[in-house]
>>> print(open('model_7.tsv').read())   # TSV, C-alpha atoms
chain	number	residue	atom	x	y	z
A	102	MET	CA	-4.88	-19.76	5.47
A	103	ASN	CA	-4.35	-19.17	1.74
A	104	ARG	CA	-7.56	-19.07	-0.26
A	105	VAL	CA	-8.21	-20.10	-3.87
A	106	PHE	CA	-10.43	-17.73	-5.86
A	107	VAL	CA	-12.28	-18.62	-9.06
A	108	PHE	CA	-14.34	-16.39	-11.32
A	109	ASN	CA	-17.30	-18.47	-12.52
A	110	PRO	CA	-20.13	-16.04	-13.40
A	111	GLU	CA	-21.89	-18.83	-15.31
A	112	ASN	CA	-22.74	-20.39	-11.96
A	113	ASP	CA	-26.24	-18.85	-11.83
A	114	LEU	CA	-27.01	-20.69	-15.05
A	115	ALA	CA	-25.55	-23.89	-13.58
A	116	LEU	CA	-27.88	-23.57	-10.59
A	117	ALA	CA	-30.84	-23.20	-12.94
A	118	ALA	CA	-29.72	-26.29	-14.88
A	119	GLY	CA	-29.30	-28.25	-11.65
A	120	SER	CA	-26.61	-30.60	-13.00
A	121	PRO	CA	-22.87	-30.84	-12.25
A	122	HIS	CA	-22.44	-31.78	-15.92
A	123	PHE	CA	-23.98	-28.52	-17.14
A	124	THR	CA	-22.48	-27.04	-20.32
A	125	PRO	CA	-22.59	-23.22	-20.25
A	126	PRO	CA	-23.57	-21.30	-23.38
A	127	ALA	CA	-20.77	-19.73	-25.40
A	128	ALA	CA	-21.43	-16.17	-24.18
A	129	ALA	CA	-21.19	-17.26	-20.53
A	130	LEU	CA	-17.92	-19.08	-21.20
A	131	HIS	CA	-16.52	-16.01	-22.95
A	132	LEU	CA	-17.37	-13.82	-19.96
A	133	ALA	CA	-15.81	-16.33	-17.57
A	134	SER	CA	-12.65	-16.49	-19.66
A	135	ALA	CA	-12.43	-12.72	-20.09
A	136	GLY	CA	-12.87	-12.14	-16.35
A	137	ALA	CA	-10.70	-15.01	-15.09
A	138	LEU	CA	-8.21	-12.60	-13.53
A	139	LEU	CA	-10.80	-10.31	-11.92
A	140	PRO	CA	-10.30	-11.97	-8.47
A	141	LEU	CA	-6.77	-10.49	-8.39
A	142	TRP	CA	-8.45	-7.24	-7.36
A	143	TYR	CA	-10.36	-8.65	-4.38
A	144	ALA	CA	-8.20	-11.56	-3.23
A	145	GLY	CA	-5.75	-10.97	-0.38
A	146	TYR	CA	-2.02	-11.21	0.09
A	147	GLY	CA	-0.83	-14.79	-0.33
A	148	ASP	CA	-4.09	-15.97	-1.90
A	149	PHE	CA	-4.35	-17.80	-5.23
A	150	VAL	CA	-6.42	-17.07	-8.34
A	151	LEU	CA	-7.17	-20.13	-10.44
A	152	ALA	CA	-6.92	-19.16	-14.14
A	153	ARG	CA	-5.52	-21.01	-17.11
A	154	ASP	CA	-3.54	-19.33	-19.91
A	155	ALA	CA	-3.14	-16.13	-17.90
A	156	ASP	CA	-1.62	-13.10	-19.58
A	157	ILE	CA	1.59	-12.81	-17.56
A	158	SER	CA	2.71	-9.56	-19.19
A	159	TRP	CA	-0.59	-7.90	-18.28
A	160	ILE	CA	-0.35	-9.19	-14.69
A	161	ASP	CA	3.20	-7.81	-14.36
A	162	LYS	CA	2.24	-4.44	-15.82
A	163	VAL	CA	-1.01	-3.79	-13.92
A	164	GLY	CA	0.07	-5.66	-10.80
A	165	GLY	CA	3.16	-3.49	-10.63
A	166	MET	CA	1.02	-0.36	-10.62
A	167	PHE	CA	-1.55	-1.53	-8.09
A	168	GLY	CA	0.37	-4.01	-5.95
A	169	PHE	CA	-1.55	-7.27	-6.31
A	170	GLY	CA	-1.01	-9.61	-3.37
A	171	ALA	CA	-2.38	-12.81	-4.92
A	172	CYS	CA	-0.67	-15.34	-7.16
A	173	VAL	CA	-2.17	-16.78	-10.37
A	174	VAL	CA	-2.07	-20.58	-10.72
A	175	SER	CA	-3.33	-22.90	-13.46
A	176	ASP	CA	-4.01	-25.82	-11.10
A	177	VAL	CA	-5.13	-26.09	-7.50
A	178	PRO	CA	-2.14	-25.86	-5.10
A	179	VAL	CA	-1.51	-29.17	-3.31
A	180	ASP	CA	-2.10	-27.73	0.17
A	181	ALA	CA	-5.20	-25.66	-0.68
A	182	VAL	CA	-8.18	-26.16	1.64
A	183	ASP	CA	-10.20	-22.91	1.35
A	184	PHE	CA	-11.98	-22.34	-1.97
A	185	ARG	CA	-13.80	-19.13	-2.92
A	186	PRO	CA	-15.60	-19.35	-6.27
A	187	TRP	CA	-17.91	-16.58	-7.46
A	188	GLY	CA	-20.78	-18.91	-6.56
A	189	TRP	CA	-21.30	-22.51	-5.46
A	190	SER	CA	-23.04	-25.34	-7.29
A	191	GLY	CA	-22.44	-28.96	-8.17
A	192	TYR	CA	-21.02	-27.66	-11.44
A	193	ILE	CA	-18.17	-25.66	-9.88
A	194	ARG	CA	-17.48	-28.35	-7.28
A	195	ARG	CA	-16.92	-30.82	-10.12
A	196	LYS	CA	-14.67	-28.35	-11.96
A	197	LEU	CA	-12.58	-27.77	-8.85
A	198	MET	CA	-12.23	-31.49	-8.19
A	199	LEU	CA	-11.04	-32.00	-11.79
A	200	SER	CA	-8.45	-29.27	-11.13
A	201	GLY	CA	-7.13	-31.09	-8.07
A	202	ALA	CA	-9.27	-29.81	-5.17
A	203	PRO	CA	-9.82	-32.44	-2.46
A	204	ASP	CA	-13.45	-33.44	-2.04
A	205	CYS	CA	-13.25	-33.05	1.75
A	206	CYS	CA	-12.58	-29.31	1.38
A	207	LEU	CA	-15.64	-28.63	-0.81
A	208	PRO	CA	-19.32	-28.30	0.13
A	209	ASP	CA	-21.18	-31.61	0.28
A	210	ASP	CA	-24.41	-32.37	-1.58
A	211	GLU	CA	-26.60	-31.23	1.31
A	212	ARG	CA	-24.87	-27.86	1.59
A	213	LEU	CA	-24.99	-27.35	-2.17
A	214	GLU	CA	-28.69	-28.12	-2.21
A	215	TYR	CA	-29.27	-25.48	0.46
A	216	ILE	CA	-27.34	-22.94	-1.63
A	217	ARG	CA	-29.41	-23.79	-4.70
A	218	LYS	CA	-32.61	-23.55	-2.65
A	219	TYR	CA	-31.76	-20.09	-1.31
A	220	SER	CA	-30.52	-18.86	-4.69
A	221	HIS	CA	-34.14	-19.28	-5.82
A	222	ARG	CA	-36.02	-16.00	-6.21
A	223	TYR	CA	-38.54	-17.30	-3.67
A	224	THR	CA	-35.95	-16.22	-1.10
A	225	SER	CA	-37.00	-12.61	-1.78
A	226	VAL	CA	-40.54	-13.59	-0.72
A	227	LEU	CA	-39.21	-15.13	2.51
A	228	MET	CA	-37.13	-12.02	3.13
A	229	HIS	CA	-40.14	-9.79	2.49
A	230	ARG	CA	-42.15	-11.71	5.08
A	231	ALA	CA	-39.31	-11.66	7.62
A	232	VAL	CA	-38.78	-7.91	7.20
A	233	SER	CA	-42.53	-7.23	7.40
A	234	ARG	CA	-42.54	-8.64	10.94
A	235	LEU	CA	-40.09	-5.94	12.02
A	236	THR	CA	-40.71	-2.26	12.67
A	237	LEU	CA	-39.86	-0.08	9.68
A	238	PRO	CA	-40.43	3.67	9.22
A	239	TYR	CA	-41.86	3.17	5.72
A	240	PRO	CA	-44.46	0.86	4.13
A	241	LEU	CA	-43.29	-2.18	2.18
A	242	PRO	CA	-44.27	-2.75	-1.45
A	243	PRO	CA	-46.67	-5.64	-2.18
A	244	GLU	CA	-45.26	-9.10	-1.53
A	245	PRO	CA	-44.15	-10.93	-4.71
A	246	LEU	CA	-46.19	-13.96	-5.73
A	247	MET	CA	-45.08	-17.44	-6.74
A	248	VAL	CA	-47.40	-18.28	-9.63
A	249	ARG	CA	-47.88	-21.76	-11.12
A	250	ASP	CA	-50.75	-20.96	-13.47
A	251	VAL	CA	-50.15	-18.54	-16.32
A	252	ALA	CA	-53.87	-17.58	-16.21
A	253	VAL	CA	-53.12	-15.60	-13.02
A	254	ILE	CA	-50.61	-13.48	-14.95
A	255	VAL	CA	-53.01	-12.94	-17.83
A	256	ASP	CA	-55.76	-11.83	-15.44
A	257	LEU	CA	-53.52	-9.29	-13.68
A	258	ILE	CA	-52.21	-7.82	-16.93
A	259	GLU	CA	-55.68	-7.58	-18.45
A	260	ARG	CA	-56.79	-5.69	-15.34
A	261	GLY	CA	-54.06	-3.13	-16.04
A	262	VAL	CA	-51.50	-4.21	-13.43
A	263	CYS	CA	-47.90	-3.64	-14.55
A	264	LEU	CA	-45.79	-6.65	-13.61
A	265	PHE	CA	-42.37	-8.18	-13.69
A	266	VAL	CA	-42.40	-11.91	-14.33
A	267	LYS	CA	-39.16	-13.56	-13.19
A	268	SER	CA	-37.67	-17.01	-13.63
A	269	PRO	CA	-37.03	-18.50	-10.16
A	270	LEU	CA	-33.48	-19.46	-11.12
A	271	SER	CA	-31.67	-17.57	-13.87
A	272	GLY	CA	-28.55	-15.61	-14.65
A	273	SER	CA	-28.18	-12.29	-12.85
A	274	GLY	CA	-30.34	-9.62	-14.47
A	275	ARG	CA	-31.84	-12.16	-16.85
A	276	GLY	CA	-35.03	-14.19	-16.88
A	277	ILE	CA	-37.10	-11.05	-16.29
A	278	LEU	CA	-40.11	-10.02	-18.38
A	279	ASP	CA	-41.67	-6.55	-18.14
A	280	SER	CA	-45.39	-6.51	-18.94
A	281	CYS	CA	-45.12	-2.82	-19.83
A	282	SER	CA	-42.72	-3.51	-22.71
A	283	ALA	CA	-43.36	-7.12	-23.80
A	284	PRO	CA	-46.57	-8.21	-25.59
A	285	LEU	CA	-48.92	-10.44	-23.63
A	286	ARG	CA	-48.48	-13.40	-25.99
A	287	GLN	CA	-44.70	-13.32	-25.46
A	288	ILE	CA	-45.09	-13.19	-21.68
A	289	VAL	CA	-47.55	-16.10	-21.77
A	290	ARG	CA	-45.26	-18.17	-23.98
A	291	LEU	CA	-42.09	-17.57	-21.98
A	292	ALA	CA	-43.78	-17.81	-18.57
A	293	SER	CA	-45.42	-21.09	-19.58
A	294	GLY	CA	-42.02	-22.48	-20.52
A	295	VAL	CA	-40.45	-21.44	-17.21
A	296	ILE	CA	-43.37	-22.91	-15.23
A	297	LYS	CA	-42.96	-26.18	-17.13
A	298	ARG	CA	-39.20	-26.31	-16.43
A	299	GLN	CA	-38.99	-24.79	-12.94
A	300	GLY	CA	-42.50	-25.21	-11.54
A	301	ALA	CA	-43.40	-21.54	-11.10
A	302	VAL	CA	-42.55	-17.93	-11.87
A	303	LEU	CA	-42.14	-15.03	-9.49
A	304	VAL	CA	-44.56	-12.17	-10.17
A	305	GLU	CA	-44.14	-8.74	-8.63
A	306	ARG	CA	-45.76	-5.39	-9.24
A	307	ARG	CA	-43.70	-2.92	-11.22
A	308	LEU	CA	-42.49	-0.09	-9.01
A	309	ASN	CA	-41.71	3.44	-10.14
A	310	LYS	CA	-37.97	3.14	-9.65
A	311	ILE	CA	-35.84	6.12	-8.69
A	312	SER	CA	-32.51	4.35	-8.10
A	313	ASP	CA	-30.94	0.94	-7.45
A	314	PHE	CA	-28.63	0.08	-4.60
A	315	ALA	CA	-27.61	-2.90	-2.50
A	316	MET	CA	-26.38	-3.78	0.96
A	317	LEU	CA	-23.47	-6.19	1.24
A	318	TYR	CA	-23.02	-8.75	3.99
A	319	ASP	CA	-20.64	-11.47	5.12
A	320	TYR	CA	-22.62	-14.42	6.43
A	321	TYR	CA	-20.88	-16.96	8.65
A	322	GLY	CA	-22.03	-19.18	11.50
A	323	GLY	CA	-25.62	-18.02	11.21
A	324	HIS	CA	-24.78	-14.32	11.60
A	325	ALA	CA	-24.94	-11.50	9.05
A	326	ARG	CA	-22.24	-8.84	9.26
A	327	PHE	CA	-22.86	-5.66	7.29
A	328	VAL	CA	-19.93	-4.86	4.97
A	329	GLY	CA	-21.08	-1.80	3.07
A	330	TYR	CA	-23.16	-0.33	0.26
A	331	SER	CA	-23.28	-0.78	-3.48
A	332	SER	CA	-24.81	1.57	-6.01
A	333	PHE	CA	-25.29	0.06	-9.45
A	334	PHE	CA	-26.90	1.04	-12.71
A	335	ASN	CA	-28.64	-1.08	-15.30
A	336	ALA	CA	-29.35	-0.99	-19.01
A	337	GLY	CA	-33.12	-0.81	-19.06
A	338	TYR	CA	-34.61	-2.23	-15.88
A	339	SER	CA	-32.55	-5.30	-15.14
A	340	THR	CA	-29.40	-5.86	-17.24
A	341	TYR	CA	-26.28	-5.00	-15.24
A	342	SER	CA	-24.18	-2.16	-16.69
A	343	GLY	CA	-21.88	-1.05	-13.88
A	344	ASN	CA	-21.20	0.15	-10.34
A	345	MET	CA	-20.19	3.42	-8.79
A	346	LEU	CA	-16.82	3.40	-7.04
A	347	MET	CA	-16.72	5.58	-3.95
A	348	SER	CA	-16.44	5.33	-0.19
A	349	ASP	CA	-19.34	4.05	1.91
A	350	GLU	CA	-19.87	7.54	3.25
A	351	MET	CA	-20.17	8.91	-0.28
A	352	LEU	CA	-22.38	6.01	-1.36
A	353	ARG	CA	-24.64	6.62	1.60
A	354	SER	CA	-25.01	10.28	0.62
A	355	HIS	CA	-25.71	9.27	-2.96
A	356	ILE	CA	-28.49	6.87	-1.92
A	357	VAL	CA	-30.01	9.45	0.42
A	358	SER	CA	-30.01	11.99	-2.44
A	359	SER	CA	-32.85	9.91	-3.94
A	360	GLY	CA	-35.09	11.50	-1.32
A	361	ILE	CA	-35.11	9.11	1.64
A	362	PRO	CA	-34.08	10.04	5.21
A	363	ALA	CA	-30.58	8.86	6.14
A	364	GLU	CA	-31.82	7.03	9.23
A	365	TRP	CA	-33.93	4.76	7.03
A	366	LEU	CA	-30.73	3.16	5.79
A	367	ASP	CA	-29.66	2.27	9.35
A	368	VAL	CA	-33.04	0.74	10.17
A	369	THR	CA	-33.06	-1.17	6.87
A	370	ARG	CA	-29.51	-2.45	7.41
A	371	ASP	CA	-30.41	-3.90	10.82
A	372	ALA	CA	-33.79	-5.26	9.70
A	373	VAL	CA	-32.27	-7.04	6.71
A	374	SER	CA	-29.53	-8.50	8.92
A	375	CYS	CA	-32.18	-9.97	11.21
A	376	ALA	CA	-34.21	-11.22	8.25
A	377	LEU	CA	-31.18	-12.93	6.71
A	378	GLU	CA	-30.46	-14.76	9.96
A	379	SER	CA	-34.10	-15.80	10.21
A	380	VAL	CA	-34.21	-17.12	6.64
A	381	PHE	CA	-30.75	-18.67	6.28
A	382	GLY	CA	-30.06	-19.96	9.79
A	383	ASP	CA	-26.68	-21.71	9.76
A	384	ARG	CA	-27.08	-23.25	6.32
A	385	TYR	CA	-24.81	-20.90	4.35
A	386	ASP	CA	-21.37	-19.37	4.79
A	387	GLY	CA	-20.09	-16.73	2.41
A	388	PRO	CA	-20.85	-13.34	0.86
A	389	LEU	CA	-24.41	-12.10	0.33
A	390	GLY	CA	-25.74	-9.15	-1.61
A	391	VAL	CA	-29.27	-7.84	-1.09
A	392	ASP	CA	-30.51	-5.73	-4.00
A	393	MET	CA	-32.78	-2.85	-3.02
A	394	MET	CA	-34.51	0.06	-4.66
A	395	VAL	CA	-35.65	3.58	-3.91
A	396	TYR	CA	-38.99	4.03	-5.64
A	397	ASP	CA	-41.75	6.61	-5.85
A	398	ARG	CA	-44.81	5.60	-3.81
A	399	ASN	CA	-47.57	8.09	-4.53
A	400	GLY	CA	-45.14	10.99	-4.63
A	401	THR	CA	-43.03	9.87	-1.65
A	402	PRO	CA	-39.67	8.09	-2.04
A	403	CYS	CA	-39.68	4.69	-0.28
A	404	ILE	CA	-37.34	1.72	0.00
A	405	ALA	CA	-37.99	-1.74	-1.40
A	406	PRO	CA	-35.57	-3.58	0.92
A	407	CYS	CA	-35.44	-7.08	-0.58
A	408	VAL	CA	-35.80	-6.96	-4.36
A	409	GLU	CA	-33.36	-9.84	-4.79
A	410	VAL	CA	-30.88	-11.81	-2.69
A	411	ASN	CA	-27.61	-12.89	-4.32
A	412	VAL	CA	-26.21	-15.93	-2.52
A	413	ARG	CA	-22.70	-15.48	-3.89
A	414	MET	CA	-20.06	-12.91	-4.70
A	415	THR	CA	-21.43	-9.87	-6.54
A	416	MET	CA	-20.13	-7.07	-8.73
A	417	GLY	CA	-21.21	-4.75	-5.92
A	418	ARG	CA	-18.77	-6.50	-3.60
A	419	VAL	CA	-16.03	-6.19	-6.23
A	420	ALA	CA	-16.81	-2.49	-6.53
A	421	HIS	CA	-16.72	-2.05	-2.76
A	422	THR	CA	-13.24	-3.60	-2.61
A	423	LEU	CA	-11.99	-1.57	-5.57
A	424	ALA	CA	-13.18	1.66	-3.96
A	425	SER	CA	-11.54	0.87	-0.62
A	426	ARG	CA	-8.24	-0.42	-2.04
A	427	TYR	CA	-7.60	1.17	-5.41
A	428	ILE	CA	-9.46	4.49	-5.76
A	429	ALA	CA	-7.77	7.53	-4.22
A	430	PRO	CA	-9.68	8.86	-1.17
A	431	GLY	CA	-12.37	11.40	-1.97
A	432	LEU	CA	-12.61	10.51	-5.66
A	433	LYS	CA	-15.50	8.92	-7.53
A	434	GLY	CA	-15.05	6.18	-10.08
A	435	VAL	CA	-17.04	3.73	-12.15
A	436	LEU	CA	-16.75	-0.02	-12.72
A	437	ARG	CA	-18.30	-1.33	-15.90
A	438	ILE	CA	-18.21	-4.24	-18.31
A	439	VAL	CA	-16.95	-3.20	-21.73
A	440	HIS	CA	-18.15	-5.10	-24.78
A	441	ASN	CA	-15.72	-5.41	-27.67
A	442	PRO	CA	-12.83	-3.89	-25.66
A	443	SER	CA	-10.54	-3.91	-28.71
A	444	GLY	CA	-12.71	-1.09	-30.03
A	445	VAL	CA	-12.23	1.00	-26.88
A	446	LEU	CA	-9.41	3.52	-26.67
A	447	SER	CA	-6.35	2.16	-24.85
A	448	ASP	CA	-6.52	2.64	-21.13
A	449	ALA	CA	-4.42	5.47	-19.75
A	450	CYS	CA	-4.29	6.06	-16.03
A	451	ASP	CA	-2.54	8.01	-13.30
A	452	VAL	CA	-1.67	5.93	-10.25
A	453	VAL	CA	-0.24	7.24	-7.00
A	454	GLY	CA	0.56	4.88	-4.13
A	455	ASN	CA	-1.22	1.94	-5.84
A	456	ARG	CA	-4.42	4.01	-6.16
A	457	LEU	CA	-6.10	5.39	-9.25
A	458	VAL	CA	-6.23	9.19	-9.30
A	459	GLY	CA	-7.31	9.70	-12.91
A	460	GLY	CA	-8.04	7.99	-16.19
A	461	SER	CA	-9.00	4.37	-16.70
A	462	VAL	CA	-7.52	0.89	-16.44
A	463	PHE	CA	-8.70	-2.49	-17.64
A	464	LEU	CA	-9.21	-4.83	-14.70
A	465	THR	CA	-8.86	-7.83	-17.01
A	466	PRO	CA	-6.79	-8.25	-20.19
A	467	PRO	CA	-8.77	-6.72	-23.09
A	468	ASP	CA	-6.98	-8.45	-25.95
A	469	ASN	CA	-8.85	-11.12	-27.92
A	470	ASN	CA	-11.85	-11.02	-25.60
A	471	ASP	CA	-15.50	-10.18	-26.17
A	472	PHE	CA	-15.67	-8.55	-22.73
A	473	ALA	CA	-13.39	-6.73	-20.34
A	474	PHE	CA	-13.85	-5.00	-17.00
A	475	LEU	CA	-12.88	-1.35	-16.77
A	476	MET	CA	-12.25	0.91	-13.76
A	477	GLU	CA	-12.21	4.62	-14.49
A	478	ILE	CA	-12.44	8.03	-12.91
A	479	PRO	CA	-14.57	10.06	-15.35
A	480	LYS	CA	-13.40	13.56	-16.22
>>> encode(input="model_7.tsv", output="C-alpha cells")
Amino acid sequence: MNRVFVFNPENDLALAAGSPHFTPPAAALHLASAGALLPLWYAGYGDFVLARDADISWIDKVGGMFGFGACVVSDVPVDAVDFRPWGWSGYIRRKLMLSGAPDCCLPDDERLEYIRKYSHRYTSVLMHRAVSRLTLPYPLPPEPLMVRDVAVIVDLIERGVCLFVKSPLSGSGRGILDSCSAPLRQIVRLASGVIKRQGAVLVERRLNKISDFAMLYDYYGGHARFVGYSSFFNAGYSTYSGNMLMSDEMLRSHIVSSGIPAEWLDVTRDAVSCALESVFGDRYDGPLGVDMMVYDRNGTPCIAPCVEVNVRMTMGRVAHTLASRYIAPGLKGVLRIVHNPSGVLSDACDVVGNRLVGGSVFLTPPDNNDFAFLMEIPK
C-alpha cells in the first residue's frame, strides 16, 4: 500500500493552538517549506511525498546519487489511503483534505483528541508513574509536577531549587524556562501566561545532565515495538541542534560511554515499552520517540527514562533511517539543521553504492531557504 508522507513540523504549534484553522508563524512555515522534501529520505519505494513547487533538478541530482524510491507529488494521488504526516492534528487533517485526501482515510475527531491529549507534557508524568511500578536497577529522578499556581514555582525557586518550567503543549525544544538562567520575574510572567492559556505548567527539577539520547518505537494495535536508539545534541539545554548518525551498535556504545552499565539500556527499553502500552492502550498508531537523559546523581551516572514523549515522527527517527540506509557501514556522521544555508560552503560528497563515505550533502534544497538539513561525515 503506497503511503503519502508530509513534512509538517509546525504541527506541535497547531496542537498547542487547538484549532484546525491555526495559522503558523512565519518561521515555522519557512522550516516546513525548506524541509518539504525531507521525507524522501525515510519514505519507501513506491511511496509519495506531498510537496508543492519541488526543486526537480535537486531531486534528480541527489536522488540519482542515493537512489530515492519515493515520488514527489503536488496533490494527493486519487487512490491514496495511507497518510503519514510528521504529526497529526486537526490542522494537518484539514490541510490534507484541501489537497484531496478523503475524509474516511484520516483520523476522526476522537482519535485526534487522543493524540492531542497524549502530546501533552503530562504524558511524561504518566510514563514516570508507570515506569516507577516496574523493577529498575537505578533510582528514578523526582516526578515532574503539574502546577496551576505560580506561587508554587516562586516558593521552590526561593528555596534554592533549580527548575525547568515547561509549557504543556509547545513546539519541540521550546516553551521551556530554566530557573538557573532566567530571572524570577520573567519566569513568573511567562508561567502565568501559560497557566492562563493552557491551565498549568509542568515543573521538574533540573538534573545535572551528562548526555541526551532517545529510544524509538513503532506503536500499533496497542503494542510498542522497539526500533532503535537516537543520540542528539542541543544548543543550550533544550533547542535541537542535530543527531549523530551511526549504527545502533555504535549508538549503544556511545550512550554507555556516559558511564552507565550496558544492561541498563535493555532493562530501560523493556520497561518503557511496558509503560507506553499501559499509558497509550490502543488509542494511538504511529511512531513514538521517548527522550531520555544520562545525568549525574551524587557522583553516579543514572538514567532519566521519560524526559519527554514525542507522539509523532522525530528527527531521531530520521537520523536512524539515514544511518541505516545512507551512511556507509562503520562510519559516523551527523545530521543537523543549517541556518542561512546560502552562507555555507557548497556540499561536496563521496558516495559509493548509494551510501555516503565522506563529505556532506544537503538533504533538502538549500537555495532561497532560511533553513536546510545537512548530512555529513566530519573529517
>>> residues_around(input="model_7.tsv", residues="A:Ser332", least_positions_apart="5", cutoff="7 Å", atoms="all atoms listed in the file", output="list in words")
Asp313, Phe314, Ala315, Asn344, Met345 and Leu352 of chain A
>>> atom_distance(input="model_7.tsv", atom1="atom CA of A:Val328", atom2="atom CA of A:Tyr219")
20.3 Å
>>> closest_residue(input="model_7.tsv", among="A:Val163, A:Val182, A:Val435, A:Leu278", to="A:Val266", atoms="only C-alpha atoms")
A:Leu278
>>> closest_atom_pairs(input="model_7.tsv", of="stretch 256-330 of chain A", to="stretch 230-242 of chain A", cutoff="10 Å", atoms="all atoms listed in the file", output="JSON lines")
{"residue": "A:Glu305", "atom": "CA", "partner": "A:Pro242", "partner_atom": "CA", "distance": 9.4}
{"residue": "A:Arg306", "atom": "CA", "partner": "A:Pro242", "partner_atom": "CA", "distance": 8.4}
{"residue": "A:Arg307", "atom": "CA", "partner": "A:Pro242", "partner_atom": "CA", "distance": 9.8}
{"residue": "A:Leu308", "atom": "CA", "partner": "A:Pro242", "partner_atom": "CA", "distance": 8.2}
>>> residues_around(input="model_7.tsv", residues="stretch 109-124 of chain A", least_positions_apart="5", cutoff="12 Å", atoms="all atoms listed in the file", output="short mmCIF file (atom, residue, chain, number, x, y, z; two decimals) with C-alpha atoms, in the coordinates of the input")
data_model
loop_
_atom_site.label_atom_id
_atom_site.label_comp_id
_atom_site.auth_asym_id
_atom_site.auth_seq_id
_atom_site.Cartn_x
_atom_site.Cartn_y
_atom_site.Cartn_z
CA ALA A 129 -21.19 -17.26 -20.53
CA LEU A 130 -17.92 -19.08 -21.20
CA HIS A 131 -16.52 -16.01 -22.95
CA LEU A 132 -17.37 -13.82 -19.96
CA ALA A 133 -15.81 -16.33 -17.57
CA SER A 134 -12.65 -16.49 -19.66
CA ALA A 135 -12.43 -12.72 -20.09
CA GLY A 136 -12.87 -12.14 -16.35
CA ALA A 137 -10.70 -15.01 -15.09
CA LEU A 138 -8.21 -12.60 -13.53
CA LEU A 139 -10.80 -10.31 -11.92
CA PRO A 140 -10.30 -11.97 -8.47
CA VAL A 150 -6.42 -17.07 -8.34
CA LEU A 151 -7.17 -20.13 -10.44
CA ALA A 152 -6.92 -19.16 -14.14
CA ARG A 185 -13.80 -19.13 -2.92
CA PRO A 186 -15.60 -19.35 -6.27
CA TRP A 187 -17.91 -16.58 -7.46
CA GLY A 188 -20.78 -18.91 -6.56
CA TRP A 189 -21.30 -22.51 -5.46
CA SER A 190 -23.04 -25.34 -7.29
CA GLY A 191 -22.44 -28.96 -8.17
CA TYR A 192 -21.02 -27.66 -11.44
CA ILE A 193 -18.17 -25.66 -9.88
CA ARG A 194 -17.48 -28.35 -7.28
CA ARG A 195 -16.92 -30.82 -10.12
CA LYS A 196 -14.67 -28.35 -11.96
CA LEU A 197 -12.58 -27.77 -8.85
CA MET A 198 -12.23 -31.49 -8.19
CA LEU A 199 -11.04 -32.00 -11.79
CA ASP A 210 -24.41 -32.37 -1.58
CA LEU A 213 -24.99 -27.35 -2.17
CA GLU A 214 -28.69 -28.12 -2.21
CA TYR A 215 -29.27 -25.48 0.46
CA ILE A 216 -27.34 -22.94 -1.63
CA ARG A 217 -29.41 -23.79 -4.70
CA LYS A 218 -32.61 -23.55 -2.65
CA TYR A 219 -31.76 -20.09 -1.31
CA SER A 220 -30.52 -18.86 -4.69
CA HIS A 221 -34.14 -19.28 -5.82
CA ARG A 222 -36.02 -16.00 -6.21
CA SER A 268 -37.67 -17.01 -13.63
CA PRO A 269 -37.03 -18.50 -10.16
CA LEU A 270 -33.48 -19.46 -11.12
CA SER A 271 -31.67 -17.57 -13.87
CA GLY A 272 -28.55 -15.61 -14.65
CA SER A 273 -28.18 -12.29 -12.85
CA GLY A 274 -30.34 -9.62 -14.47
CA ARG A 275 -31.84 -12.16 -16.85
CA GLY A 276 -35.03 -14.19 -16.88
CA VAL A 295 -40.45 -21.44 -17.21
CA ARG A 298 -39.20 -26.31 -16.43
CA GLN A 299 -38.99 -24.79 -12.94
CA GLY A 300 -42.50 -25.21 -11.54
CA ASN A 411 -27.61 -12.89 -4.32
CA VAL A 412 -26.21 -15.93 -2.52
CA ARG A 413 -22.70 -15.48 -3.89
CA MET A 414 -20.06 -12.91 -4.70
CA THR A 415 -21.43 -9.87 -6.54
CA MET A 416 -20.13 -7.07 -8.73
#
>>> residues_around(input="model_7.tsv", residues="A:Val262", least_positions_apart="4", cutoff="10 Å", atoms="only C-alpha atoms", output="ChimeraX atom specification")
/A:254-258,280-281,305-307
>>> residues_around(input="model_7.tsv", residues="A:Tyr146", least_positions_apart="6", cutoff="12 Å", atoms="all atoms listed in the file", output="PyMOL selection string")
chain A and resi 102-105+140+168-173
